[in-house]
Structure formats: structure tokens, C-alpha cells
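Asker: Got entry_10.txt for you, compact mmCIF, N, CA and C atoms:
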# COMPACT_ATOMS: atom_id res chain seq x y z
N MET A 904 -8.14 -12.81 -2.96
CA MET A 904 -7.18 -11.78 -3.29
C MET A 904 -7.79 -10.42 -2.94
N PRO A 905 -7.04 -9.56 -2.22
CA PRO A 905 -7.57 -8.23 -1.92
C PRO A 905 -7.95 -7.47 -3.19
N THR A 906 -9.00 -6.73 -3.10
CA THR A 906 -9.54 -6.02 -4.25
C THR A 906 -8.50 -5.14 -4.94
N VAL A 907 -7.67 -4.44 -4.17
CA VAL A 907 -6.69 -3.55 -4.79
C VAL A 907 -5.67 -4.33 -5.62
N VAL A 908 -5.30 -5.52 -5.20
CA VAL A 908 -4.35 -6.33 -5.98
C VAL A 908 -5.04 -6.84 -7.25
N GLU A 909 -6.31 -7.19 -7.15
CA GLU A 909 -7.07 -7.59 -8.35
C GLU A 909 -7.12 -6.43 -9.34
N ARG A 910 -7.40 -5.23 -8.84
CA ARG A 910 -7.45 -4.04 -9.71
C ARG A 910 -6.09 -3.77 -10.33
N LEU A 911 -5.02 -3.92 -9.54
CA LEU A 911 -3.67 -3.69 -10.05
C LEU A 911 -3.34 -4.68 -11.16
N CYS A 912 -3.61 -5.95 -10.93
CA CYS A 912 -3.33 -6.98 -11.94
C CYS A 912 -4.13 -6.72 -13.21
N GLU A 913 -5.39 -6.35 -13.04
CA GLU A 913 -6.23 -6.04 -14.20
C GLU A 913 -5.70 -4.83 -14.97
N ALA A 914 -5.26 -3.80 -14.25
CA ALA A 914 -4.71 -2.61 -14.90
C ALA A 914 -3.44 -2.94 -15.67
N ILE A 915 -2.59 -3.79 -15.09
CA ILE A 915 -1.37 -4.21 -15.79
C ILE A 915 -1.76 -4.94 -17.08
N ASN A 916 -2.69 -5.87 -16.96
CA ASN A 916 -3.06 -6.69 -18.12
C ASN A 916 -3.82 -5.90 -19.19
N HIS A 917 -4.41 -4.77 -18.81
CA HIS A 917 -5.06 -3.89 -19.78
C HIS A 917 -4.12 -2.76 -20.24
N HIS A 918 -2.91 -2.78 -19.73
CA HIS A 918 -1.89 -1.77 -20.08
C HIS A 918 -2.41 -0.36 -19.84
N ASP A 919 -2.96 -0.15 -18.65
CA ASP A 919 -3.62 1.10 -18.31
C ASP A 919 -2.90 1.76 -17.12
N PRO A 920 -1.88 2.59 -17.39
CA PRO A 920 -1.15 3.20 -16.28
C PRO A 920 -2.01 4.13 -15.42
N ASP A 921 -3.04 4.74 -16.01
CA ASP A 921 -3.92 5.60 -15.22
C ASP A 921 -4.70 4.79 -14.19
N ALA A 922 -5.20 3.62 -14.60
CA ALA A 922 -5.90 2.75 -13.66
C ALA A 922 -4.94 2.23 -12.60
N MET A 923 -3.71 1.97 -13.00
CA MET A 923 -2.72 1.51 -12.02
C MET A 923 -2.50 2.55 -10.94
N VAL A 924 -2.31 3.79 -11.35
CA VAL A 924 -2.05 4.87 -10.39
C VAL A 924 -3.19 4.97 -9.39
N GLY A 925 -4.41 4.67 -9.82
CA GLY A 925 -5.55 4.70 -8.91
C GLY A 925 -5.48 3.65 -7.81
N CYS A 926 -4.61 2.68 -7.96
CA CYS A 926 -4.43 1.63 -6.95
C CYS A 926 -3.50 2.06 -5.83
N PHE A 927 -2.80 3.18 -6.01
CA PHE A 927 -1.77 3.58 -5.07
C PHE A 927 -2.20 4.77 -4.23
N HIS A 928 -1.85 4.74 -2.97
CA HIS A 928 -2.12 5.82 -2.03
C HIS A 928 -1.27 7.04 -2.44
N PRO A 929 -1.76 8.24 -2.21
CA PRO A 929 -0.98 9.44 -2.58
C PRO A 929 0.43 9.47 -1.97
N ASP A 930 0.60 8.86 -0.79
CA ASP A 930 1.90 8.85 -0.12
C ASP A 930 2.71 7.60 -0.42
N TYR A 931 2.43 6.95 -1.52
CA TYR A 931 3.07 5.67 -1.86
C TYR A 931 4.59 5.77 -1.80
N ARG A 932 5.19 4.70 -1.25
CA ARG A 932 6.65 4.59 -1.18
C ARG A 932 7.06 3.21 -1.67
N SER A 933 8.00 3.16 -2.62
CA SER A 933 8.49 1.91 -3.19
C SER A 933 9.93 1.68 -2.77
N GLU A 934 10.21 0.45 -2.35
CA GLU A 934 11.58 0.05 -2.03
C GLU A 934 11.90 -1.21 -2.81
N GLN A 935 13.15 -1.32 -3.23
CA GLN A 935 13.65 -2.54 -3.86
C GLN A 935 14.92 -2.91 -3.10
N PRO A 936 14.78 -3.67 -2.02
CA PRO A 936 15.92 -3.94 -1.14
C PRO A 936 17.14 -4.53 -1.85
N SER A 937 16.96 -5.29 -2.90
CA SER A 937 18.12 -5.83 -3.63
C SER A 937 18.78 -4.78 -4.52
N HIS A 938 18.09 -3.67 -4.72
CA HIS A 938 18.59 -2.56 -5.56
C HIS A 938 18.21 -1.25 -4.86
N PRO A 939 18.89 -0.89 -3.76
CA PRO A 939 18.46 0.24 -2.94
C PRO A 939 18.33 1.57 -3.68
N ASN A 940 19.11 1.80 -4.71
CA ASN A 940 19.04 3.08 -5.43
C ASN A 940 17.78 3.22 -6.28
N ARG A 941 16.99 2.16 -6.40
CA ARG A 941 15.78 2.20 -7.22
C ARG A 941 14.54 2.61 -6.43
N GLY A 942 14.67 2.85 -5.14
CA GLY A 942 13.53 3.26 -4.34
C GLY A 942 13.02 4.62 -4.78
N PHE A 943 11.72 4.85 -4.58
CA PHE A 943 11.13 6.14 -4.94
C PHE A 943 9.84 6.34 -4.17
N GLY A 944 9.32 7.55 -4.24
CA GLY A 944 8.04 7.87 -3.64
C GLY A 944 7.15 8.56 -4.65
N GLY A 945 5.85 8.32 -4.53
CA GLY A 945 4.89 9.03 -5.35
C GLY A 945 4.34 8.24 -6.52
N LYS A 946 3.13 8.61 -6.90
CA LYS A 946 2.42 7.92 -7.98
C LYS A 946 2.90 8.31 -9.37
N ASP A 947 3.49 9.48 -9.51
CA ASP A 947 3.97 9.91 -10.83
C ASP A 947 5.04 8.95 -11.36
N GLN A 948 5.92 8.50 -10.47
CA GLN A 948 6.96 7.58 -10.91
C GLN A 948 6.36 6.22 -11.28
N VAL A 949 5.31 5.80 -10.57
CA VAL A 949 4.61 4.55 -10.94
C VAL A 949 4.11 4.67 -12.38
N HIS A 950 3.47 5.78 -12.68
CA HIS A 950 2.92 6.01 -14.02
C HIS A 950 4.04 5.98 -15.06
N LYS A 951 5.12 6.68 -14.77
CA LYS A 951 6.26 6.74 -15.70
C LYS A 951 6.85 5.34 -15.93
N ASN A 952 7.09 4.61 -14.84
CA ASN A 952 7.69 3.28 -14.95
C ASN A 952 6.84 2.35 -15.79
N TRP A 953 5.55 2.30 -15.48
CA TRP A 953 4.69 1.33 -16.17
C TRP A 953 4.33 1.76 -17.57
N SER A 954 4.28 3.06 -17.83
CA SER A 954 4.08 3.51 -19.22
C SER A 954 5.23 3.00 -20.08
N GLY A 955 6.45 3.08 -19.55
CA GLY A 955 7.61 2.57 -20.27
C GLY A 955 7.55 1.06 -20.47
N MET A 956 7.09 0.34 -19.44
CA MET A 956 6.95 -1.12 -19.58
C MET A 956 5.94 -1.46 -20.67
N PHE A 957 4.81 -0.78 -20.68
CA PHE A 957 3.77 -1.09 -21.67
C PHE A 957 4.22 -0.74 -23.08
N GLU A 958 4.99 0.33 -23.21
CA GLU A 958 5.50 0.71 -24.52
C GLU A 958 6.54 -0.31 -25.01
N SER A 959 7.40 -0.74 -24.11
CA SER A 959 8.46 -1.68 -24.48
C SER A 959 7.96 -3.11 -24.67
N PHE A 960 6.91 -3.47 -23.96
CA PHE A 960 6.41 -4.85 -23.98
C PHE A 960 4.89 -4.83 -24.21
N PRO A 961 4.46 -4.65 -25.46
CA PRO A 961 3.03 -4.52 -25.74
C PRO A 961 2.20 -5.77 -25.43
N ASP A 962 2.86 -6.91 -25.24
CA ASP A 962 2.11 -8.13 -24.90
C ASP A 962 2.32 -8.54 -23.44
N LEU A 963 2.73 -7.59 -22.60
CA LEU A 963 2.98 -7.87 -21.19
C LEU A 963 1.71 -8.39 -20.49
N GLU A 964 1.88 -9.45 -19.74
CA GLU A 964 0.81 -10.00 -18.92
C GLU A 964 1.33 -10.25 -17.52
N ALA A 965 0.48 -10.06 -16.52
CA ALA A 965 0.85 -10.30 -15.12
C ALA A 965 -0.08 -11.34 -14.53
N ARG A 966 0.52 -12.20 -13.70
CA ARG A 966 -0.28 -13.19 -12.96
C ARG A 966 0.20 -13.23 -11.52
N VAL A 967 -0.73 -13.29 -10.60
CA VAL A 967 -0.41 -13.55 -9.21
C VAL A 967 -0.46 -15.06 -9.04
N LEU A 968 0.69 -15.65 -8.72
CA LEU A 968 0.77 -17.10 -8.59
C LEU A 968 0.36 -17.57 -7.20
N ARG A 969 0.75 -16.82 -6.19
CA ARG A 969 0.41 -17.14 -4.81
C ARG A 969 0.27 -15.84 -4.04
N GLN A 970 -0.48 -15.93 -2.93
CA GLN A 970 -0.69 -14.73 -2.14
C GLN A 970 -0.94 -15.10 -0.69
N SER A 971 -0.49 -14.23 0.19
CA SER A 971 -0.75 -14.38 1.61
C SER A 971 -1.10 -13.01 2.17
N VAL A 972 -2.11 -12.97 3.02
CA VAL A 972 -2.57 -11.71 3.59
C VAL A 972 -2.54 -11.84 5.11
N GLU A 973 -1.94 -10.85 5.75
CA GLU A 973 -1.96 -10.78 7.20
C GLU A 973 -2.25 -9.34 7.58
N GLY A 974 -3.45 -9.10 8.08
CA GLY A 974 -3.84 -7.74 8.42
C GLY A 974 -3.86 -6.87 7.18
N ASP A 975 -3.09 -5.79 7.21
CA ASP A 975 -3.05 -4.86 6.06
C ASP A 975 -1.81 -5.06 5.20
N VAL A 976 -1.17 -6.23 5.31
CA VAL A 976 0.02 -6.53 4.52
C VAL A 976 -0.27 -7.71 3.60
N VAL A 977 0.06 -7.55 2.31
CA VAL A 977 -0.21 -8.58 1.31
C VAL A 977 1.12 -8.98 0.66
N TRP A 978 1.38 -10.28 0.66
CA TRP A 978 2.53 -10.86 -0.03
C TRP A 978 2.02 -11.48 -1.31
N ASN A 979 2.65 -11.14 -2.44
CA ASN A 979 2.25 -11.69 -3.74
C ASN A 979 3.46 -12.28 -4.44
N GLU A 980 3.30 -13.47 -5.00
CA GLU A 980 4.31 -14.01 -5.91
C GLU A 980 3.78 -13.75 -7.31
N TRP A 981 4.58 -13.06 -8.13
CA TRP A 981 4.15 -12.62 -9.46
C TRP A 981 4.93 -13.33 -10.56
N LEU A 982 4.30 -13.39 -11.72
CA LEU A 982 4.95 -13.72 -12.99
C LEU A 982 4.54 -12.62 -13.96
N TRP A 983 5.53 -11.89 -14.47
CA TRP A 983 5.29 -10.89 -15.50
C TRP A 983 5.95 -11.45 -16.76
N SER A 984 5.17 -11.60 -17.82
CA SER A 984 5.75 -12.18 -19.03
C SER A 984 5.32 -11.42 -20.28
N ALA A 985 6.24 -11.42 -21.24
CA ALA A 985 6.02 -10.80 -22.55
C ALA A 985 7.09 -11.37 -23.47
N THR A 986 6.95 -11.08 -24.76
CA THR A 986 8.01 -11.45 -25.69
C THR A 986 9.29 -10.76 -25.23
N ASP A 987 10.35 -11.52 -25.08
CA ASP A 987 11.66 -11.01 -24.65
C ASP A 987 11.71 -10.56 -23.19
N LEU A 988 10.73 -10.94 -22.38
CA LEU A 988 10.76 -10.59 -20.96
C LEU A 988 10.04 -11.64 -20.15
N GLN A 989 10.68 -12.08 -19.10
CA GLN A 989 10.01 -12.90 -18.10
C GLN A 989 10.62 -12.53 -16.76
N MET A 990 9.77 -12.04 -15.86
CA MET A 990 10.22 -11.66 -14.53
C MET A 990 9.37 -12.40 -13.51
N THR A 991 10.02 -12.81 -12.43
CA THR A 991 9.31 -13.43 -11.33
C THR A 991 9.81 -12.81 -10.04
N GLY A 992 9.01 -12.96 -9.01
CA GLY A 992 9.44 -12.47 -7.72
C GLY A 992 8.26 -12.23 -6.81
N VAL A 993 8.57 -11.53 -5.74
CA VAL A 993 7.61 -11.30 -4.68
C VAL A 993 7.50 -9.80 -4.43
N THR A 994 6.28 -9.37 -4.15
CA THR A 994 6.06 -8.01 -3.66
C THR A 994 5.38 -8.13 -2.30
N ILE A 995 5.77 -7.26 -1.41
CA ILE A 995 5.13 -7.14 -0.11
C ILE A 995 4.52 -5.75 -0.08
N MET A 996 3.21 -5.68 0.10
CA MET A 996 2.51 -4.41 -0.01
C MET A 996 1.74 -4.09 1.27
N GLY A 997 1.85 -2.84 1.67
CA GLY A 997 1.03 -2.35 2.78
C GLY A 997 -0.20 -1.65 2.21
N ILE A 998 -1.36 -2.02 2.70
CA ILE A 998 -2.62 -1.47 2.19
C ILE A 998 -3.18 -0.48 3.21
N ARG A 999 -3.52 0.71 2.74
CA ARG A 999 -4.15 1.71 3.60
C ARG A 999 -5.27 2.37 2.81
N GLU A 1000 -6.44 2.42 3.41
CA GLU A 1000 -7.62 3.04 2.79
C GLU A 1000 -7.90 2.43 1.42
N GLY A 1001 -7.68 1.11 1.30
CA GLY A 1001 -7.99 0.40 0.06
C GLY A 1001 -7.00 0.62 -1.07
N ARG A 1002 -5.86 1.23 -0.76
CA ARG A 1002 -4.83 1.49 -1.77
C ARG A 1002 -3.48 1.01 -1.27
N ILE A 1003 -2.56 0.84 -2.19
CA ILE A 1003 -1.22 0.39 -1.85
C ILE A 1003 -0.44 1.61 -1.34
N ALA A 1004 -0.06 1.57 -0.06
CA ALA A 1004 0.64 2.69 0.56
C ALA A 1004 2.15 2.54 0.46
N TRP A 1005 2.62 1.31 0.47
CA TRP A 1005 4.05 1.05 0.34
C TRP A 1005 4.23 -0.33 -0.25
N ALA A 1006 5.39 -0.54 -0.84
CA ALA A 1006 5.70 -1.87 -1.39
C ALA A 1006 7.20 -2.09 -1.35
N ARG A 1007 7.54 -3.35 -1.13
CA ARG A 1007 8.93 -3.82 -1.24
C ARG A 1007 8.92 -4.83 -2.37
N LEU A 1008 9.67 -4.55 -3.42
CA LEU A 1008 9.68 -5.39 -4.62
C LEU A 1008 10.95 -6.22 -4.68
N TYR A 1009 10.76 -7.50 -4.92
CA TYR A 1009 11.85 -8.45 -5.12
C TYR A 1009 11.63 -9.13 -6.47
N MET A 1010 11.54 -8.35 -7.52
CA MET A 1010 11.29 -8.84 -8.87
C MET A 1010 12.59 -8.86 -9.65
N GLU A 1011 12.84 -9.97 -10.36
CA GLU A 1011 14.07 -10.12 -11.13
C GLU A 1011 13.77 -10.80 -12.46
N PRO A 1012 14.54 -10.48 -13.49
CA PRO A 1012 14.41 -11.21 -14.75
C PRO A 1012 14.76 -12.69 -14.54
N VAL A 1013 14.04 -13.57 -15.22
CA VAL A 1013 14.35 -14.99 -15.18
C VAL A 1013 15.61 -15.22 -16.00
N GLU A 1014 16.55 -15.93 -15.43
CA GLU A 1014 17.83 -16.24 -16.07
C GLU A 1014 17.80 -17.66 -16.60
N GLN A 1015 17.43 -17.84 -17.85
CA GLN A 1015 17.32 -19.19 -18.41
C GLN A 1015 18.68 -19.88 -18.54
N ALA A 1016 19.72 -19.13 -18.84
CA ALA A 1016 21.04 -19.72 -19.08
C ALA A 1016 22.03 -19.33 -17.98
N GLY A 1017 21.52 -19.07 -16.79
CA GLY A 1017 22.38 -18.63 -15.71
C GLY A 1017 23.17 -19.76 -15.08
N GLN A 1018 23.85 -19.44 -14.01
CA GLN A 1018 24.67 -20.40 -13.28
C GLN A 1018 23.82 -21.51 -12.68
N ASP A 1019 24.41 -22.72 -12.59
CA ASP A 1019 23.72 -23.76 -11.83
C ASP A 1019 24.03 -23.51 -10.35
N ILE A 1020 23.46 -24.32 -9.47
CA ILE A 1020 23.58 -24.06 -8.04
C ILE A 1020 25.04 -24.12 -7.56
N ASP A 1021 25.83 -25.06 -8.08
CA ASP A 1021 27.23 -25.15 -7.66
C ASP A 1021 28.01 -23.90 -8.06
N GLU A 1022 27.82 -23.43 -9.28
CA GLU A 1022 28.49 -22.20 -9.72
C GLU A 1022 28.04 -21.01 -8.89
N ALA A 1023 26.75 -20.93 -8.63
CA ALA A 1023 26.23 -19.81 -7.84
C ALA A 1023 26.82 -19.81 -6.44
N MET A 1024 26.91 -20.98 -5.82
CA MET A 1024 27.48 -21.07 -4.48
C MET A 1024 28.96 -20.70 -4.47
N ARG A 1025 29.70 -21.10 -5.50
CA ARG A 1025 31.11 -20.70 -5.59
C ARG A 1025 31.23 -19.19 -5.71
N THR A 1026 30.30 -18.59 -6.42
CA THR A 1026 30.34 -17.14 -6.62
C THR A 1026 30.15 -16.39 -5.30
N ILE A 1027 29.31 -16.91 -4.42
CA ILE A 1027 28.99 -16.16 -3.21
C ILE A 1027 29.73 -16.63 -1.96
N THR A 1028 30.49 -17.69 -2.05
CA THR A 1028 31.18 -18.20 -0.86
C THR A 1028 32.52 -17.54 -0.65
N VAL A 1029 32.99 -17.66 0.56
CA VAL A 1029 34.28 -17.09 0.93
C VAL A 1029 35.40 -17.71 0.11
N GLN A 1030 35.34 -19.01 -0.15
CA GLN A 1030 36.40 -19.69 -0.89
C GLN A 1030 36.62 -19.02 -2.25
N ASP A 1031 35.54 -18.72 -2.94
CA ASP A 1031 35.66 -18.08 -4.25
C ASP A 1031 36.32 -16.71 -4.12
N ARG A 1032 35.93 -15.95 -3.11
CA ARG A 1032 36.52 -14.62 -2.92
C ARG A 1032 38.00 -14.73 -2.54
N GLU A 1033 38.34 -15.74 -1.76
CA GLU A 1033 39.76 -15.94 -1.42
C GLU A 1033 40.57 -16.30 -2.66
N ASP A 1034 40.02 -17.14 -3.52
CA ASP A 1034 40.72 -17.50 -4.75
C ASP A 1034 40.96 -16.26 -5.61
N GLU A 1035 39.96 -15.40 -5.70
CA GLU A 1035 40.12 -14.18 -6.49
C GLU A 1035 41.18 -13.27 -5.89
N ARG A 1036 41.20 -13.16 -4.55
CA ARG A 1036 42.18 -12.32 -3.88
C ARG A 1036 43.59 -12.83 -4.16
N ARG A 1037 43.78 -14.15 -4.10
CA ARG A 1037 45.10 -14.73 -4.37
C ARG A 1037 45.52 -14.47 -5.81
N GLU A 1038 44.56 -14.55 -6.74
CA GLU A 1038 44.88 -14.27 -8.14
C GLU A 1038 45.31 -12.83 -8.31
N ASP A 1039 44.63 -11.92 -7.61
CA ASP A 1039 44.97 -10.49 -7.70
C ASP A 1039 46.35 -10.22 -7.11
N GLU A 1040 46.71 -10.94 -6.05
CA GLU A 1040 48.00 -10.73 -5.40
C GLU A 1040 49.15 -11.39 -6.16
N GLY A 1041 48.82 -12.48 -6.91
CA GLY A 1041 49.83 -13.31 -7.57
C GLY A 1041 50.42 -12.69 -8.75
Please re-express this file's structure in C-alpha cells.
Answerer:
Amino acid sequence: MPTVVERLCEAINHHDPDAMVGCFHPDYRSEQPSHPNRGFGGKDQVHKNWSGMFESFPDLEARVLRQSVEGDVVWNEWLWSATDLQMTGVTIMGIREGRIAWARLYMEPVEQAGQDIDEAMRTITVQDREDERREDEG
């Protein structure tokens, strides 16, 4: 595991937003492609976000489940867990000068009681949308 990801995971598990900020390049840029309005730039927002997480979830723990490194890009599969919170997903991070320069986050809350695969497919398929359109017109 790249040293900066080890430091990041350790900072999360010690609930230390100052140590976390030290893992990020001054020009850090965050994107969340599934939630485009959540993108931001800068380390101050990292500090603000994670300070709120640590306050809300005092038993928060992070684990890197799997990782792949290619050049200066690191893919991590994460599990973030706490009482009343479980999130899983992937982060893709660009490393520059030993710090995280950019990241694309695909982290989502775990849905224990969510749709099964058939319901999920009906939700996203054209047939389901056509049924809804007919109901609206009827």
C-alpha cells in the first residue's frame, strides 16, 4: 500500500483531521462523479468534512479492503464503519509529491434493506419508465 494511503487510513482511524490534511497536496481536487455537485477543491474542505464525520461518528473506522496501483494512480476499495454508518466504495487517487493531488470518490452508504436485483433492474430499465409515463398520461 502506498505510504500516503497508509497515513490517510491511520489518520482516519485516529480521528485526526490535521493529520489527514497533511496527506493532501495543496492543489487537491475532489470529484464525486455519482454526485457532481459535491466536488470541491482544497484541503480546508477536507478538514471540514472529516471533522464533521469524526464528531458524528466517534467510533468510525476505515479499512482498505483491496488496492491496485498503476504509476501515480491508486485504486482503493474502502469500508468505513461506525455505529449507525456503513459505507463502501472505491476511491481513485492521483499521487503527486507523496500526497493525494486528486481523487474520484464512489462511496455510498450500505443499503441493508434496499431493492433486490430484479427491483433495481425494473427501476432503471426503459420498461419501468414507460410504465410510469403511461400512468402519468392515464
Asker: Using all atoms listed in the file, find each residue in range 944-1027 of chain A having at least one atom no more than 7 Å away from range 908-928 of chain A; report its shortest atom-to-atom pair and that distance in Å (one decimal), rows by chain then rising number, as CSV.
Answerer:
residue,atom,partner,partner_atom,distance
A:Lys946,CA,A:Val924,CA,5.9
A:Val949,C,A:Val924,CA,6.5
A:His950,CA,A:Pro920,CA,5.4
A:Trp953,C,A:Pro920,CA,5.8
A:Ser954,N,A:Pro920,CA,5.6
A:Phe957,CA,A:His918,CA,5.9
A:Leu963,C,A:Asn916,CA,5.6
A:Glu964,CA,A:Asn916,CA,5.2
A:Ala965,N,A:Asn916,CA,5.1
A:Arg966,N,A:Cys912,CA,6.7
A:Val967,N,A:Cys912,CA,7.0
A:Arg999,C,A:His928,CA,6.7
A:Gly1001,C,A:Cys926,C,6.1
A:Arg1002,CA,A:Cys926,C,4.3
A:Ile1003,C,A:His928,N,3.8
A:Ala1004,N,A:His928,N,4.7
A:Trp1005,N,A:His928,N,6.6
Asker: Which of these residues is nearest to Gln989 in chain A, using all atoms listed in the file: A:Gly945, A:Val1013, A:Leu1008, A:Val907?
Answerer: A:Val1013
Asker: Just give me the gap between atom C of Met996 in chain A and atom N of Glu1011 in chain A in Å, one decimal is fine.
Answerer: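 These atoms are spaced 17.1 Å apart.
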Asker: Which of these, A:Ile998, A:Asn940, A:Met1024, A:Lys951, has the shortest distance to Asp975 in chain A once you count only C-alpha atoms?
Answerer: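 With only C-alpha atoms as the atom set, the closest residue is A:Ile998.
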Asker: Kindly give the distance, in Å, that separates CA of Ser933 in chain A and CA of Asn952 in chain A, rounded to a single decimal.
Answerer: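 Calculated distance between CA of Ser933 in chain A and CA of Asn952 in chain A is 11.9 Å.
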Asker: Taking the DSSP assignment computed from this structure's backbone, write out as number ranges by chain all residues of range 905-1040 of chain A that belong to strand (DSSP E).
Answerer: A: 927-934, 943-944, 964-973, 976-985, 988-999, 1002-1012
Asker: Just the number, please: distance in Å from CA of Gln1018 in chain A to CA of Arg941 in chain A, one decimal.
Answerer: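 According to the coordinates, CA of Gln1018 in chain A and CA of Arg941 in chain A are separated by 25.0 Å.
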Asker: Around all of range 988-1000 of chain A's listed atoms, make the axis-aligned box with 3 Å on each side and tell me centre and edge lengths in Å to one decimal, as AutoDock Vina command-line options.
Answerer:
--center_x 1.4 --center_y -5.2 --center_z -9.4 --size_x 24.7 --size_y 22.5 --size_z 32.0
Asker: Quick one: everything within 6 Å of Thr991 in chain A, counting all atoms listed in the file, minus sequence neighbours fewer than 6 positions away in the same chain. Send it as an MDAnalysis selection string.
Answerer: chainID A and resid 981:983 1009:1013
Asker: Determine which residues of chain A DSSP labels as alpha helix (DSSP H) from the backbone of this structure, then write them out as a PyMOL selection string.
Answerer: chain A and resi 906-916+920-924+946-959+1020-1027+1029-1040
Asker: Go through A:Thr1026, A:Ser959, A:Gln935, A:Gln948 and flag the residue nearest Arg1007 in chain A, using only C-alpha atoms for the distances.
Answerer: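 Closest to Arg1007 in chain A of all the choices is A:Gln935.
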Asker: For a cut-off of 8 Å around (3.3, -18.4, -4.5), file coordinates, pick out all residues using all atoms listed in the file and list them as a PyMOL selection string.
Answerer: chain A and resi 967-971+978-981
